[in-house]
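Next up, target23.cif (mmCIF, C-alpha atoms):
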```
data_entry
loop_
_atom_site.group_PDB
_atom_site.id
_atom_site.type_symbol
_atom_site.label_atom_id
_atom_site.label_comp_id
_atom_site.auth_asym_id
_atom_site.auth_seq_id
_atom_site.Cartn_x
_atom_site.Cartn_y
_atom_site.Cartn_z
ATOM 1 C CA MET D 1381 134.051 192.669 236.959
ATOM 2 C CA VAL D 1382 137.799 192.879 236.692
ATOM 3 C CA MET D 1383 139.212 193.285 233.194
ATOM 4 C CA ASN D 1384 142.770 193.072 231.948
ATOM 5 C CA ASP D 1385 142.539 195.823 229.346
ATOM 6 C CA ILE D 1386 140.283 198.700 228.336
ATOM 7 C CA GLU D 1387 139.395 197.152 224.965
ATOM 8 C CA GLN D 1388 137.917 194.080 226.620
ATOM 9 C CA LEU D 1389 136.019 196.321 229.036
ATOM 10 C CA ASN D 1390 134.555 198.456 226.242
ATOM 11 C CA GLU D 1391 133.539 195.349 224.287
ATOM 12 C CA ILE D 1392 131.641 193.870 227.228
ATOM 13 C CA LYS D 1393 130.085 197.229 228.051
ATOM 14 C CA THR D 1394 128.839 197.524 224.462
ATOM 15 C CA GLN D 1395 127.389 194.012 224.582
ATOM 16 C CA PHE D 1396 125.549 194.803 227.816
ATOM 17 C CA GLU D 1397 124.130 198.016 226.411
ATOM 18 C CA ASN D 1398 123.054 196.356 223.160
ATOM 19 C CA ASN D 1399 121.022 193.798 225.125
ATOM 20 C CA SER D 1400 119.539 196.136 227.709
ATOM 21 C CA VAL D 1401 117.724 199.423 228.160
ATOM 22 C CA LEU D 1402 120.265 200.325 230.848
ATOM 23 C CA ASN D 1403 123.373 202.439 230.411
ATOM 24 C CA PHE D 1404 126.499 201.044 232.010
ATOM 25 C CA THR D 1405 129.460 202.893 233.463
ATOM 26 C CA HIS D 1406 132.889 201.758 234.509
ATOM 27 C CA GLU D 1407 135.654 202.854 236.810
ATOM 28 C CA ILE D 1408 139.360 202.386 236.334
ATOM 29 C CA GLN D 1409 141.551 201.991 239.379
ATOM 30 C CA TYR D 1410 144.035 204.728 240.142
ATOM 31 C CA GLU D 1411 147.095 204.035 242.297
ATOM 32 C CA GLU D 1412 145.656 200.624 243.277
ATOM 33 C CA LYS D 1413 142.450 202.310 244.573
ATOM 34 C CA LEU D 1414 138.872 202.115 243.386
ATOM 35 C CA ALA D 1415 135.863 203.980 244.765
ATOM 36 C CA PHE D 1416 132.696 201.894 244.912
ATOM 37 C CA LEU D 1417 129.509 203.298 246.446
ATOM 38 C CA ASP D 1418 130.719 204.845 249.709
ATOM 39 C CA CYS D 1419 133.753 202.535 249.960
ATOM 40 C CA LEU D 1420 137.313 203.062 248.863
ATOM 41 C CA VAL D 1421 138.835 199.690 248.017
ATOM 42 C CA LYS D 1422 142.628 199.602 248.100
ATOM 43 C CA LYS D 1423 144.794 196.778 246.887
ATOM 44 C CA PHE D 1424 147.285 195.988 249.642
ATOM 45 C CA GLU D 1425 149.820 193.262 248.945
ATOM 46 C CA SER D 1426 147.631 190.239 248.141
ATOM 47 C CA ASN D 1427 144.512 191.560 249.917
ATOM 48 C CA PHE D 1428 142.088 194.429 249.751
ATOM 49 C CA ILE D 1429 141.364 196.943 252.483
ATOM 50 C CA THR D 1430 138.308 199.145 252.630
ATOM 51 C CA THR D 1431 137.700 202.583 254.076
ATOM 52 C CA VAL D 1432 134.910 205.123 253.884
ATOM 53 C CA TYR D 1433 135.088 207.030 250.608
ATOM 54 C CA ILE D 1434 134.553 210.771 250.731
ATOM 55 C CA LYS D 1435 134.312 212.536 247.384
ATOM 56 C CA PRO D 1436 136.921 215.240 246.802
ATOM 57 C CA THR D 1437 134.084 217.739 246.275
ATOM 58 C CA ASN D 1438 132.587 217.015 249.726
ATOM 59 C CA ASN D 1439 132.839 220.195 251.801
ATOM 60 C CA GLY D 1440 131.837 218.489 255.074
ATOM 61 C CA GLU D 1441 128.512 220.230 255.432
ATOM 62 C CA GLY D 1442 125.706 218.252 256.983
ATOM 63 C CA MET D 1443 123.042 218.693 259.581
ATOM 64 C CA ASN D 1444 124.003 221.569 261.838
ATOM 65 C CA HIS D 1445 123.419 220.982 265.535
ATOM 66 C CA LYS D 1446 121.909 224.465 265.814
ATOM 67 C CA SER D 1447 119.194 223.561 263.300
ATOM 68 C CA ILE D 1448 115.578 223.236 264.353
ATOM 69 C CA CYS D 1449 115.415 219.494 264.419
ATOM 70 C CA PRO D 1450 114.634 216.954 267.153
ATOM 71 C CA GLU D 1451 117.645 215.938 269.231
ATOM 72 C CA GLN D 1452 117.094 212.261 268.385
ATOM 73 C CA TYR D 1453 117.679 213.075 264.701
ATOM 74 C CA LYS D 1454 120.953 214.779 265.571
ATOM 75 C CA VAL D 1455 122.076 211.756 267.577
ATOM 76 C CA GLY D 1456 120.942 209.604 264.639
ATOM 77 C CA VAL D 1457 123.346 211.503 262.372
ATOM 78 C CA ILE D 1458 126.237 210.567 264.675
ATOM 79 C CA LYS D 1459 125.132 206.941 264.928
ATOM 80 C CA SER D 1460 124.696 206.546 261.173
ATOM 81 C CA LEU D 1461 128.204 207.894 260.514
ATOM 82 C CA LEU D 1462 129.599 205.504 263.137
ATOM 83 C CA HIS D 1463 127.719 202.500 261.721
ATOM 84 C CA ARG D 1464 128.948 203.258 258.214
ATOM 85 C CA GLY D 1465 132.537 203.652 259.409
ATOM 86 C CA TYR D 1466 132.358 200.482 261.481
ATOM 87 C CA HIS D 1467 130.974 198.324 258.677
ATOM 88 C CA VAL D 1468 133.079 199.768 255.849
ATOM 89 C CA SER D 1469 136.484 199.988 257.592
ATOM 90 C CA SER D 1470 138.374 196.738 257.235
ATOM 91 C CA ASN D 1471 140.338 197.086 260.481
ATOM 92 C CA TRP D 1472 140.330 198.964 263.799
ATOM 93 C CA GLU D 1473 143.084 201.363 262.775
ATOM 94 C CA LEU D 1474 141.089 202.554 259.766
ATOM 95 C CA PHE D 1475 137.936 202.788 261.896
ATOM 96 C CA ASP D 1476 139.822 204.956 264.396
ATOM 97 C CA ILE D 1477 140.884 207.280 261.567
ATOM 98 C CA GLU D 1478 137.236 207.449 260.466
ATOM 99 C CA ILE D 1479 136.108 208.267 264.019
ATOM 100 C CA ASN D 1480 138.550 211.193 264.102
ATOM 101 C CA ARG D 1481 137.222 212.411 260.742
ATOM 102 C CA ILE D 1482 133.647 212.113 262.020
ATOM 103 C CA LYS D 1483 134.537 214.136 265.126
ATOM 104 C CA GLN D 1484 136.009 216.888 262.977
ATOM 105 C CA VAL D 1485 133.042 217.003 260.599
ATOM 106 C CA LEU D 1486 130.564 217.103 263.481
ATOM 107 C CA SER D 1487 132.590 219.766 265.276
ATOM 108 C CA ASN D 1488 132.538 221.868 262.101
ATOM 109 C CA ASN D 1489 128.736 221.497 262.114
ATOM 110 C CA ASN D 1490 128.445 222.767 265.726
ATOM 111 C CA PHE D 1491 127.844 219.408 267.411
ATOM 112 C CA PRO D 1492 128.915 219.580 271.086
ATOM 113 C CA LEU D 1493 131.985 217.438 271.725
ATOM 114 C CA GLN D 1494 130.377 215.976 274.852
ATOM 115 C CA LEU D 1495 127.412 214.626 272.826
ATOM 116 C CA VAL D 1496 129.709 213.231 270.143
ATOM 117 C CA GLU D 1497 132.019 211.554 272.663
ATOM 118 C CA LYS D 1498 129.100 210.054 274.617
ATOM 119 C CA THR D 1499 127.514 208.659 271.447
ATOM 120 C CA ILE D 1500 130.843 207.190 270.315
ATOM 121 C CA SER D 1501 131.396 205.684 273.762
ATOM 122 C CA ASP D 1502 127.919 204.120 273.793
ATOM 123 C CA PHE D 1503 128.437 202.786 270.271
ATOM 124 C CA MET D 1504 131.804 201.227 271.139
ATOM 125 C CA ARG D 1505 130.469 199.735 274.370
ATOM 126 C CA ALA D 1506 127.628 198.109 272.410
ATOM 127 C CA LYS D 1507 130.063 196.711 269.819
ATOM 128 C CA ASN D 1508 132.436 195.380 272.475
ATOM 129 C CA SER D 1509 129.757 193.838 274.691
ATOM 130 C CA THR D 1510 129.993 190.127 274.991
ATOM 131 C CA THR D 1511 126.507 188.961 274.197
ATOM 132 C CA PRO D 1512 126.528 185.197 273.801
ATOM 133 C CA THR D 1513 125.533 183.788 270.450
ATOM 134 C CA PRO D 1514 122.654 181.324 270.797
ATOM 135 C CA THR D 1515 123.487 177.700 270.234
ATOM 136 C CA ASN D 1516 121.260 175.318 268.300
ATOM 137 C CA GLN D 1517 119.614 174.197 271.549
ATOM 138 C CA GLU D 1518 118.632 177.780 272.405
ATOM 139 C CA LEU D 1519 117.065 178.548 269.036
ATOM 140 C CA VAL D 1520 113.284 178.537 268.783
ATOM 141 C CA GLN D 1521 111.873 176.922 265.677
ATOM 142 C CA LEU D 1522 108.734 178.474 264.261
ATOM 143 C CA PHE D 1523 106.320 176.853 261.871
ATOM 144 C CA PHE D 1524 104.864 179.079 259.135
ATOM 145 C CA GLU D 1525 101.944 178.109 256.984
ATOM 146 C CA ASN D 1526 100.623 180.143 254.102
ATOM 147 C CA LEU D 1527 97.007 180.777 255.084
ATOM 148 C CA ARG D 1528 96.094 182.776 251.991
ATOM 149 C CA HIS D 1529 95.471 179.583 250.003
ATOM 150 C CA GLN D 1530 93.194 178.152 252.724
ATOM 151 C CA ILE D 1531 91.171 181.357 253.049
ATOM 152 C CA ARG D 1532 90.286 181.421 249.355
ATOM 153 C CA ASN D 1533 88.914 177.839 249.410
#
```
Would you write the structure of this file as structure tokens?
Amino acid sequence: MVMNDIEQLNEIKTQFENNSVLNFTHEIQYEEKLAFLDCLVKKFESNFITTVYIKPTNNGEGMNHKSICPEQYKVGVIKSLLHRGYHVSSNWELFDIEINRIKQVLSNNNFPLQLVEKTISDFMRAKNSTTPTPTNQELVQLFFENLRHQIRN
């Protein structure tokens, strides 16, 4: 929710807590920015832009490539960082900045640059592929019937 003043926010928070077993928290924007989950939402003119949010206390440690772990898990680390950056970044310029950050973090965790670059290249090729979207005529309609009711009778 967006509130105009802190008093209104505290009043609503109190009402929520009085009618629930949950505790509620709130965030106040700072310099037109607000962190939400792993997103940083920035007010820009009349719009919002989003980037990946990294906590100031994050030291960049993650899975080390030299760890005893299957290679597919290590590639999965790269892919998950790319997917998050792709879906959270609101434009290509911000995604490119995130890719450079990912490269640095992975380099600091001993990931070979060749593996990182290949995974990024494969990811980008998949995102830029022109797979046609099915039209209504190409869609297959399936009929589903709940059989549980019939079995009991």
Extending 8 Å beyond the listed atoms of segment 1397-1414 of chain D on each side, what axis-aligned box results? I want centre and edge lengths in Å to one decimal, as AutoDock Vina command-line options.
```
--center_x 132.4 --center_y 199.3 --center_z 233.9 --size_x 45.4 --size_y 26.9 --size_z 37.4
```
Nearby residues (all atoms listed in the file) at most 10 Å from segment 1386-1399 of chain D, same-chain spacing under 6 positions excluded, as a PDB file with C-alpha atoms, in the frame of the given file:
```pdb
ATOM      1  CA  THR D1405     129.460 202.893 233.463  1.00  0.00           C
ATOM      2  CA  HIS D1406     132.889 201.758 234.509  1.00  0.00           C
ATOM      3  CA  ILE D1408     139.360 202.386 236.334  1.00  0.00           C
TER       4      ILE D1408
END
```
I'd like to see the residues matched by the PyMOL selection byres ((chain D and resi 1480-1484) around 12) on this file, and ideally I'd get them as a PyMOL selection string. chain D and resi 1431-1434+1440-1442+1457-1466+1473-1479+1485-1500
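Across D:Ser1400, D:Lys1422, D:Gln1409, D:Pro1450, the tightest approach to Val1382 of chain D is made by D:Gln1409 when counting all atoms listed in the file.
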So how many Å separate atom CA of Ser1469 of chain D and atom CA of Ile1429 of chain D, to one decimal? 7.7 Å
What gap, in Å, lies between atom CA of Asn1427 of chain D and atom CA of Trp1472 of chain D? 16.3 Å
Just how far from atom CA of Ser1501 of chain D is atom CA of Val1455 of chain D, in Å to one decimal? 12.7 Å
May I have the residues within 9 Å of Lys1454 of chain D as a list of chain:residue names, using only C-alpha atoms and disregarding those fewer than 6 positions away in the same chain?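 Final neighbour list, sorted by chain and number: D:Met1443, D:Asn1444, D:His1445, D:Phe1491.
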Could you please take those selected residues and save C-alpha atoms as a PDB file, in the frame of the given file?
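This went into selection-v9.pdb:
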```pdb
ATOM      1  CA  MET D1443     123.042 218.693 259.581  1.00  0.00           C
ATOM      2  CA  ASN D1444     124.003 221.569 261.838  1.00  0.00           C
ATOM      3  CA  HIS D1445     123.419 220.982 265.535  1.00  0.00           C
ATOM      4  CA  PHE D1491     127.844 219.408 267.411  1.00  0.00           C
TER       5      PHE D1491
END
```
I would like the residues chosen by the PyMOL selection byres ((chain D and resi 1423) around 10) on the shown file; could you give them as a list in words?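 Evaluating the PyMOL selection byres ((chain D and resi 1423) around 10) on these coordinates yields Gln1409, Glu1411, Glu1412, Lys1413, Leu1414, Leu1420, Val1421, Lys1422, Phe1424, Glu1425, Ser1426, Asn1427, Phe1428, Ile1429 and Thr1430 of chain D.
If only C-alpha atoms are the atoms counted, then among D:Pro1436, D:Asn1471, D:Arg1505, D:Lys1446 the closest residue to Ala1415 of chain D is D:Pro1436.
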Nearest to His1467 of chain D: which of D:Asn1384, D:Cys1419, D:Tyr1410, D:Asn1403 is it, counting all atoms listed in the file?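 Of the candidates, the smallest distance to His1467 of chain D is held by D:Cys1419.
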